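K.L.:
So here's upload18.pdb, just PDB, C-alpha atoms:
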```
ATOM      1  CA  ALA X   1      79.712 188.458  64.497
ATOM      2  CA  PRO X   2      78.279 184.966  63.976
ATOM      3  CA  SER X   3      79.075 185.223  60.307
ATOM      4  CA  SER X   4      82.670 186.197  60.991
ATOM      5  CA  HIS X   5      83.028 183.192  63.303
ATOM      6  CA  SER X   6      81.538 181.008  60.606
ATOM      7  CA  CYS X   7      83.957 182.307  57.998
ATOM      8  CA  GLU X   8      86.843 181.916  60.389
ATOM      9  CA  GLY X   9      85.825 178.318  61.116
ATOM     10  CA  GLU X  10      85.562 177.530  57.444
ATOM     11  CA  SER X  11      88.997 179.074  56.893
ATOM     12  CA  ILE X  12      90.559 176.976  59.643
ATOM     13  CA  HIS X  13      88.870 173.847  58.307
ATOM     14  CA  ALA X  14      90.078 174.603  54.769
ATOM     15  CA  SER X  15      93.647 175.283  55.900
ATOM     16  CA  THR X  16      93.671 172.072  57.958
ATOM     17  CA  ALA X  17      92.433 170.066  54.977
ATOM     18  CA  THR X  18      95.054 171.665  52.753
ATOM     19  CA  MET X  19      97.745 170.927  55.313
ATOM     20  CA  SER X  20      96.706 167.266  55.531
ATOM     21  CA  ILE X  21      96.813 166.984  51.750
ATOM     22  CA  LEU X  22     100.276 168.535  51.669
ATOM     23  CA  LEU X  23     101.522 166.295  54.438
ATOM     24  CA  LYS X  24     100.327 163.232  52.559
ATOM     25  CA  ALA X  25     101.711 164.408  49.233
ATOM     26  CA  THR X  26     105.090 165.727  50.324
ATOM     27  CA  PRO X  27     106.780 162.391  51.144
ATOM     28  CA  LYS X  28     105.697 160.868  47.826
ATOM     29  CA  GLU X  29     107.062 163.815  45.913
ATOM     30  CA  GLY X  30     110.411 163.594  47.726
ATOM     31  CA  VAL X  31     110.926 159.838  47.312
ATOM     32  CA  LYS X  32     111.829 158.299  43.962
ATOM     33  CA  GLU X  33     110.630 154.726  43.732
ATOM     34  CA  GLN X  34     112.976 152.312  41.946
ATOM     35  CA  ARG X  35     112.486 148.833  40.598
ATOM     36  CA  GLN X  36     115.637 146.738  40.279
ATOM     37  CA  TRP X  37     115.964 143.530  38.286
ATOM     38  CA  SER X  38     118.960 141.555  37.112
ATOM     39  CA  PRO X  39     119.112 138.763  34.531
ATOM     40  CA  TYR X  40     121.936 137.161  36.503
ATOM     41  CA  ILE X  41     122.196 135.184  39.736
ATOM     42  CA  ASP X  42     125.228 133.509  41.293
ATOM     43  CA  ASN X  43     124.452 129.880  42.111
ATOM     44  CA  GLY X  44     127.675 129.502  44.095
ATOM     45  CA  GLY X  45     130.181 126.665  44.153
ATOM     46  CA  THR X  46     133.897 126.359  43.510
ATOM     47  CA  VAL X  47     136.022 124.993  40.654
ATOM     48  CA  LEU X  48     139.786 124.690  40.426
ATOM     49  CA  GLY X  49     142.539 123.349  38.220
ATOM     50  CA  VAL X  50     146.110 122.338  39.125
ATOM     51  CA  ALA X  51     148.969 121.615  36.728
ATOM     52  CA  PRO X  52     152.339 121.777  38.539
ATOM     53  CA  PRO X  53     155.153 123.200  36.383
ATOM     54  CA  GLY X  54     156.640 120.494  34.142
ATOM     55  CA  ALA X  55     154.054 117.865  35.101
ATOM     56  CA  ASP X  56     152.590 115.547  32.458
ATOM     57  CA  PHE X  57     149.156 115.608  34.070
ATOM     58  CA  VAL X  58     146.487 118.074  35.166
ATOM     59  CA  VAL X  59     143.771 117.839  37.826
ATOM     60  CA  LEU X  60     140.447 119.672  37.513
ATOM     61  CA  ALA X  61     137.698 119.628  40.141
ATOM     62  CA  GLY X  62     134.378 121.224  41.033
ATOM     63  CA  ASP X  63     131.715 120.691  43.667
ATOM     64  CA  THR X  64     128.128 119.639  42.851
ATOM     65  CA  ARG X  65     126.058 121.964  45.076
ATOM     66  CA  MET X  66     123.771 124.500  43.406
ATOM     67  CA  SER X  67     122.504 127.254  45.705
ATOM     68  CA  TYR X  68     119.802 129.871  45.391
ATOM     69  CA  GLY X  69     120.389 132.532  48.006
ATOM     70  CA  TYR X  70     120.533 130.720  51.343
ATOM     71  CA  SER X  71     118.751 127.647  49.977
ATOM     72  CA  ILE X  72     120.197 124.531  48.369
ATOM     73  CA  ALA X  73     118.439 124.036  45.035
ATOM     74  CA  SER X  74     120.261 120.796  44.207
ATOM     75  CA  ARG X  75     123.035 118.632  45.624
ATOM     76  CA  ASN X  76     123.982 116.948  42.363
ATOM     77  CA  VAL X  77     124.592 119.490  39.590
ATOM     78  CA  THR X  78     127.842 119.202  37.677
ATOM     79  CA  LYS X  79     129.981 122.241  36.902
ATOM     80  CA  ILE X  80     132.278 120.316  34.539
ATOM     81  CA  VAL X  81     132.051 119.165  30.932
ATOM     82  CA  LYS X  82     134.509 116.913  29.077
ATOM     83  CA  LEU X  83     135.113 118.515  25.687
ATOM     84  CA  THR X  84     137.665 115.941  24.486
ATOM     85  CA  GLU X  85     139.604 113.100  26.069
ATOM     86  CA  LYS X  86     142.378 115.559  26.902
ATOM     87  CA  CYS X  87     140.470 118.775  27.549
ATOM     88  CA  VAL X  88     137.929 119.503  30.299
ATOM     89  CA  LEU X  89     136.103 122.724  31.204
ATOM     90  CA  ALA X  90     134.811 123.738  34.652
ATOM     91  CA  SER X  91     132.668 126.813  35.299
ATOM     92  CA  ALA X  92     131.444 128.586  38.418
ATOM     93  CA  GLY X  93     128.728 131.260  38.428
ATOM     94  CA  MET X  94     125.178 130.991  37.125
ATOM     95  CA  GLN X  95     123.933 127.478  36.388
ATOM     96  CA  ALA X  96     121.803 128.405  33.361
ATOM     97  CA  GLU X  97     124.634 130.379  31.754
ATOM     98  CA  ARG X  98     127.086 127.577  32.530
ATOM     99  CA  HIS X  99     124.824 125.003  30.894
ATOM    100  CA  THR X 100     124.466 127.151  27.770
ATOM    101  CA  LEU X 101     128.201 127.830  27.511
ATOM    102  CA  HIS X 102     129.081 124.154  27.908
ATOM    103  CA  LYS X 103     126.551 123.242  25.197
ATOM    104  CA  VAL X 104     128.032 125.846  22.825
ATOM    105  CA  LEU X 105     131.622 124.711  23.421
ATOM    106  CA  SER X 106     130.691 121.048  22.989
ATOM    107  CA  ALA X 107     129.003 121.888  19.681
ATOM    108  CA  LYS X 108     132.055 123.807  18.477
ATOM    109  CA  ALA X 109     134.334 120.918  19.428
ATOM    110  CA  THR X 110     132.114 118.499  17.477
ATOM    111  CA  MET X 111     131.992 120.821  14.446
ATOM    112  CA  PHE X 112     135.790 121.106  14.473
ATOM    113  CA  GLU X 113     136.179 117.329  14.612
ATOM    114  CA  ASN X 114     133.725 116.789  11.750
ATOM    115  CA  THR X 115     135.423 119.448   9.608
ATOM    116  CA  HIS X 116     139.090 118.635  10.255
ATOM    117  CA  HIS X 117     138.792 114.915  11.148
ATOM    118  CA  LYS X 118     140.745 115.340  14.372
ATOM    119  CA  LYS X 119     140.144 116.460  17.941
ATOM    120  CA  MET X 120     140.678 120.101  18.858
ATOM    121  CA  SER X 121     143.844 120.526  20.945
ATOM    122  CA  ALA X 122     143.690 122.049  24.420
ATOM    123  CA  PRO X 123     145.473 125.312  23.428
ATOM    124  CA  SER X 124     143.078 125.697  20.489
ATOM    125  CA  MET X 125     140.124 125.068  22.793
ATOM    126  CA  ALA X 126     141.502 127.698  25.178
ATOM    127  CA  GLN X 127     141.464 130.274  22.375
ATOM    128  CA  CYS X 128     138.040 129.112  21.193
ATOM    129  CA  LEU X 129     136.610 129.625  24.686
ATOM    130  CA  SER X 130     138.142 133.091  24.850
ATOM    131  CA  ASN X 131     136.601 134.027  21.489
ATOM    132  CA  THR X 132     133.208 132.651  22.569
ATOM    133  CA  LEU X 133     133.212 134.691  25.779
ATOM    134  CA  TYR X 134     134.434 137.857  24.060
ATOM    135  CA  TYR X 135     131.731 137.576  21.400
ATOM    136  CA  LYS X 136     129.166 137.903  24.209
ATOM    137  CA  ARG X 137     131.009 140.712  26.005
ATOM    138  CA  PHE X 138     128.066 143.169  25.862
ATOM    139  CA  PHE X 139     125.756 140.652  27.554
ATOM    140  CA  PRO X 140     128.303 138.193  29.007
ATOM    141  CA  TYR X 141     127.911 134.619  30.061
ATOM    142  CA  TYR X 142     127.839 134.920  33.862
ATOM    143  CA  THR X 143     130.473 132.216  34.286
ATOM    144  CA  PHE X 144     134.010 132.107  35.610
ATOM    145  CA  ASN X 145     135.873 129.373  33.833
ATOM    146  CA  VAL X 146     138.833 127.053  34.270
ATOM    147  CA  LEU X 147     140.022 125.016  31.287
ATOM    148  CA  ALA X 148     142.423 122.110  31.756
ATOM    149  CA  GLY X 149     144.164 119.806  29.320
ATOM    150  CA  LEU X 150     147.451 118.656  27.839
ATOM    151  CA  ASP X 151     149.426 120.912  25.484
ATOM    152  CA  GLU X 152     151.308 119.923  22.315
ATOM    153  CA  LYS X 153     154.268 118.716  24.400
ATOM    154  CA  GLY X 154     152.089 116.507  26.561
ATOM    155  CA  LEU X 155     152.430 118.738  29.618
ATOM    156  CA  GLY X 156     149.525 119.660  31.889
ATOM    157  CA  ALA X 157     148.018 123.086  31.287
ATOM    158  CA  VAL X 158     145.453 125.207  33.121
ATOM    159  CA  TRP X 159     143.873 128.401  31.822
ATOM    160  CA  GLY X 160     141.911 130.841  33.960
ATOM    161  CA  TYR X 161     139.296 133.239  32.508
ATOM    162  CA  ASP X 162     137.260 136.263  33.419
ATOM    163  CA  ALA X 163     133.667 136.684  32.239
ATOM    164  CA  ILE X 164     134.535 138.331  28.896
ATOM    165  CA  GLY X 165     137.344 136.109  27.681
ATOM    166  CA  SER X 166     140.612 137.448  29.071
ATOM    167  CA  PHE X 167     142.669 134.368  29.913
ATOM    168  CA  GLU X 168     146.069 133.276  31.136
ATOM    169  CA  ARG X 169     147.898 129.986  31.457
ATOM    170  CA  VAL X 170     148.831 129.411  35.095
ATOM    171  CA  PRO X 171     150.007 126.505  37.300
ATOM    172  CA  TYR X 172     146.718 126.606  39.197
ATOM    173  CA  VAL X 173     143.566 128.686  39.406
ATOM    174  CA  VAL X 174     140.461 128.739  41.610
ATOM    175  CA  THR X 175     137.176 130.497  40.810
ATOM    176  CA  GLY X 176     133.811 130.632  42.520
ATOM    177  CA  SER X 177     132.578 131.320  46.027
ATOM    178  CA  GLY X 178     135.449 129.498  47.733
ATOM    179  CA  SER X 179     138.331 130.953  45.720
ATOM    180  CA  ALA X 180     139.665 133.164  48.523
ATOM    181  CA  LEU X 181     139.828 130.174  50.866
ATOM    182  CA  ALA X 182     141.704 127.926  48.433
ATOM    183  CA  THR X 183     144.210 130.142  46.643
ATOM    184  CA  SER X 184     146.536 130.612  49.624
ATOM    185  CA  ILE X 185     146.661 126.842  50.197
ATOM    186  CA  LEU X 186     147.718 126.251  46.597
ATOM    187  CA  ASP X 187     150.264 129.088  46.857
ATOM    188  CA  ASN X 188     151.846 127.168  49.701
ATOM    189  CA  GLN X 189     151.495 123.581  48.467
ATOM    190  CA  VAL X 190     151.963 123.826  44.672
ATOM    191  CA  LEU X 191     154.476 126.623  44.121
ATOM    192  CA  PHE X 192     155.799 126.574  47.710
ATOM    193  CA  LYS X 193     155.792 130.372  47.816
ATOM    194  CA  THR X 194     155.948 130.489  51.611
ATOM    195  CA  GLN X 195     158.363 127.558  51.945
ATOM    196  CA  PRO X 196     160.742 127.707  48.960
ATOM    197  CA  LYS X 197     163.355 125.497  50.650
ATOM    198  CA  ASN X 198     160.857 122.610  50.613
ATOM    199  CA  LYS X 199     160.043 122.957  46.917
ATOM    200  CA  ARG X 200     159.787 119.651  45.038
ATOM    201  CA  GLU X 201     158.015 117.987  42.148
ATOM    202  CA  LEU X 202     154.505 116.811  42.946
ATOM    203  CA  LYS X 203     153.212 113.463  41.776
ATOM    204  CA  CYS X 204     149.723 112.998  40.383
ATOM    205  CA  ALA X 205     148.424 111.127  43.444
ATOM    206  CA  GLU X 206     149.724 113.896  45.729
ATOM    207  CA  VAL X 207     147.909 116.579  43.740
ATOM    208  CA  VAL X 208     144.659 114.613  43.847
ATOM    209  CA  GLU X 209     144.940 114.306  47.641
ATOM    210  CA  LEU X 210     145.759 118.018  47.860
ATOM    211  CA  VAL X 211     142.632 118.883  45.854
ATOM    212  CA  LYS X 212     140.531 116.740  48.197
ATOM    213  CA  ASP X 213     142.008 118.535  51.221
ATOM    214  CA  VAL X 214     141.325 121.920  49.611
ATOM    215  CA  PHE X 215     137.669 121.108  48.984
ATOM    216  CA  THR X 216     137.302 119.748  52.499
ATOM    217  CA  CYS X 217     138.625 123.050  53.896
ATOM    218  CA  ILE X 218     136.382 125.135  51.623
ATOM    219  CA  SER X 219     133.232 123.173  52.493
ATOM    220  CA  GLU X 220     133.874 123.786  56.200
ATOM    221  CA  ARG X 221     133.603 127.563  55.755
ATOM    222  CA  ASP X 222     131.739 128.266  52.524
ATOM    223  CA  ILE X 223     128.014 127.445  52.636
ATOM    224  CA  TYR X 224     127.807 127.490  48.817
ATOM    225  CA  THR X 225     130.358 124.667  48.357
ATOM    226  CA  GLY X 226     129.624 121.114  49.421
ATOM    227  CA  ASP X 227     127.845 117.760  48.933
ATOM    228  CA  SER X 228     130.499 116.209  46.676
ATOM    229  CA  ALA X 229     133.433 117.070  44.437
ATOM    230  CA  GLU X 230     133.994 115.771  40.906
ATOM    231  CA  ILE X 231     137.715 115.291  40.284
ATOM    232  CA  TYR X 232     139.054 114.798  36.751
ATOM    233  CA  VAL X 233     142.636 113.639  36.156
ATOM    234  CA  ILE X 234     143.936 114.099  32.604
ATOM    235  CA  THR X 235     147.061 112.218  31.480
ATOM    236  CA  LYS X 236     148.409 110.878  28.170
ATOM    237  CA  ASP X 237     146.266 107.790  28.788
ATOM    238  CA  GLY X 238     143.045 109.819  28.833
ATOM    239  CA  CYS X 239     140.672 111.286  31.383
ATOM    240  CA  LYS X 240     139.584 109.660  34.650
ATOM    241  CA  LYS X 241     136.805 110.859  36.963
ATOM    242  CA  GLU X 242     136.432 110.423  40.721
ATOM    243  CA  ILE X 243     133.666 111.489  43.108
ATOM    244  CA  PHE X 244     134.777 112.710  46.529
ATOM    245  CA  PRO X 245     132.098 113.223  49.223
ATOM    246  CA  LEU X 246     131.906 116.561  51.075
ATOM    247  CA  LYS X 247     129.778 118.016  53.864
ATOM    248  CA  LYS X 248     126.014 117.889  53.266
ATOM    249  CA  ASP X 249     125.060 120.796  55.535
TER     250      ASP X 249
END
```
Do you think you could lay out the structure here as structure tokens?
P.N.:
Amino acid sequence: APSSHSCEGESIHASTATMSILLKATPKEGVKEQRQWSPYIDNGGTVLGVAPPGADFVVLAGDTRMSYGYSIASRNVTKIVKLTEKCVLASAGMQAERHTLHKVLSAKATMFENTHHKKMSAPSMAQCLSNTLYYKRFFPYYTFNVLAGLDEKGLGAVWGYDAIGSFERVPYVVTGSGSALATSILDNQVLFKTQPKNKRELKCAEVVELVKDVFTCISERDIYTGDSAEIYVITKDGCKKEIFPLKKD
């Protein structure tokens, strides 16, 4: 009898040990652990371009805040590069990718000038940017671009792009974290879509003031847009730059 109790006790102990092992092992077998990593990050910010139909000028602007998650990494980082006196590029998205793309486009513009002894025109630059983005389509530049300049007729032109080079000439375009907040304002104030009876030609000074108002509205509601806005005005006389202060918080 004592031996049977001993065997029975050993059996219970063994089964309990086995059960504890199974209980510890079962969750690990049922859960697949994953490690996620991305080479991209969105550093926020907003850029826009406005060229009213028939106007002989174009306005391009972008804020200077660079964010990292919910932190402000810098308050003074440009999103704009002047490629020629009559062609300027603005890019939202990832700061490192933006810096690389701007460096590549500037180099191509310089190479073109040295080869052909003239500046690259804005429409040619628009196609060059599209080709550059499409070339990297399998590992794209994480940028969302707006190119502004004067066309062959001296009229203002704005081109909007996606990340892999598809582009379109439009009267205005907004990209970046504040695009949803700004587009409806420009619908109303540039093309007068919601007030067609009030449609009129906009002067350059009016568009600049409109751009300032747009960035003020965006910075009130978008935490990734703020600090200051760089505003470029391109006319037949060249390119002028203005700094407009925005909210710092």
K.L.:
Using all atoms listed in the file, can you tell me which of X:Lys212, X:Arg169, X:Lys136, X:Lys108 comes closest to X:Ala51?
P.N.:
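Selected residue with least distance to X:Ala51: X:Arg169.
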K.L.:
For each of X:Val174, X:Met66, X:Val58, X:Ala148, take the minimum atom-to-atom distance to X:Lys82, counting only C-alpha atoms, then give the residue where this is smallest.
P.N.:
X:Ala148
K.L.:
Report, in Å with one decimal, the straight-line distance from atom CA of X:Gly69 to atom CA of X:Leu48.
P.N.:
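Separation of atom CA of X:Gly69 and atom CA of X:Leu48: 22.3 Å.
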K.L.:
Put the listed atoms of stretch 180-193 of chain X in a box along x, y and z with 8 Å added on every side and give me the centre and edge lengths in Å to one decimal, as lines of an AutoDock Vina configuration file.
P.N.:
```
center_x = 147.7
center_y = 128.4
center_z = 47.5
size_x = 32.1
size_y = 25.6
size_z = 22.7
```
K.L.:
Name every residue that the PyMOL selection byres ((chain X and resi 89) around 8) selects in this structure, writing the answer as a list of chain:residue names with chains first and numbers rising.
P.N.:
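After applying the PyMOL selection byres ((chain X and resi 89) around 8), what remains is X:Ile80, X:Val81, X:Lys82, X:Leu83, X:Cys87, X:Val88, X:Ala90, X:Ser91, X:His102, X:Asn145, X:Val146, X:Leu147, X:Ala148.
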K.L.:
Hey, which of X:Ala92, X:Phe167, X:Lys86, X:Val233 ends up closest to X:Asp63? Count all atoms listed in the file.
P.N.:
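Between X:Ala92, X:Phe167, X:Lys86, X:Val233, the residue approaching X:Asp63 most closely is X:Ala92.
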K.L.:
Would you mind telling me which residue in X:Phe144, X:Val50, X:Tyr135, X:Ala61 lies nearest to X:Val190 when using all atoms listed in the file?
P.N.:
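Of all the options, X:Val50 lies closest to X:Val190.
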K.L.:
Suppose you want the space between atom CA of X:Thr216 and atom CA of X:Pro52; what is it in Å?
P.N.:
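Here the two named atoms are 20.6 Å from each other.
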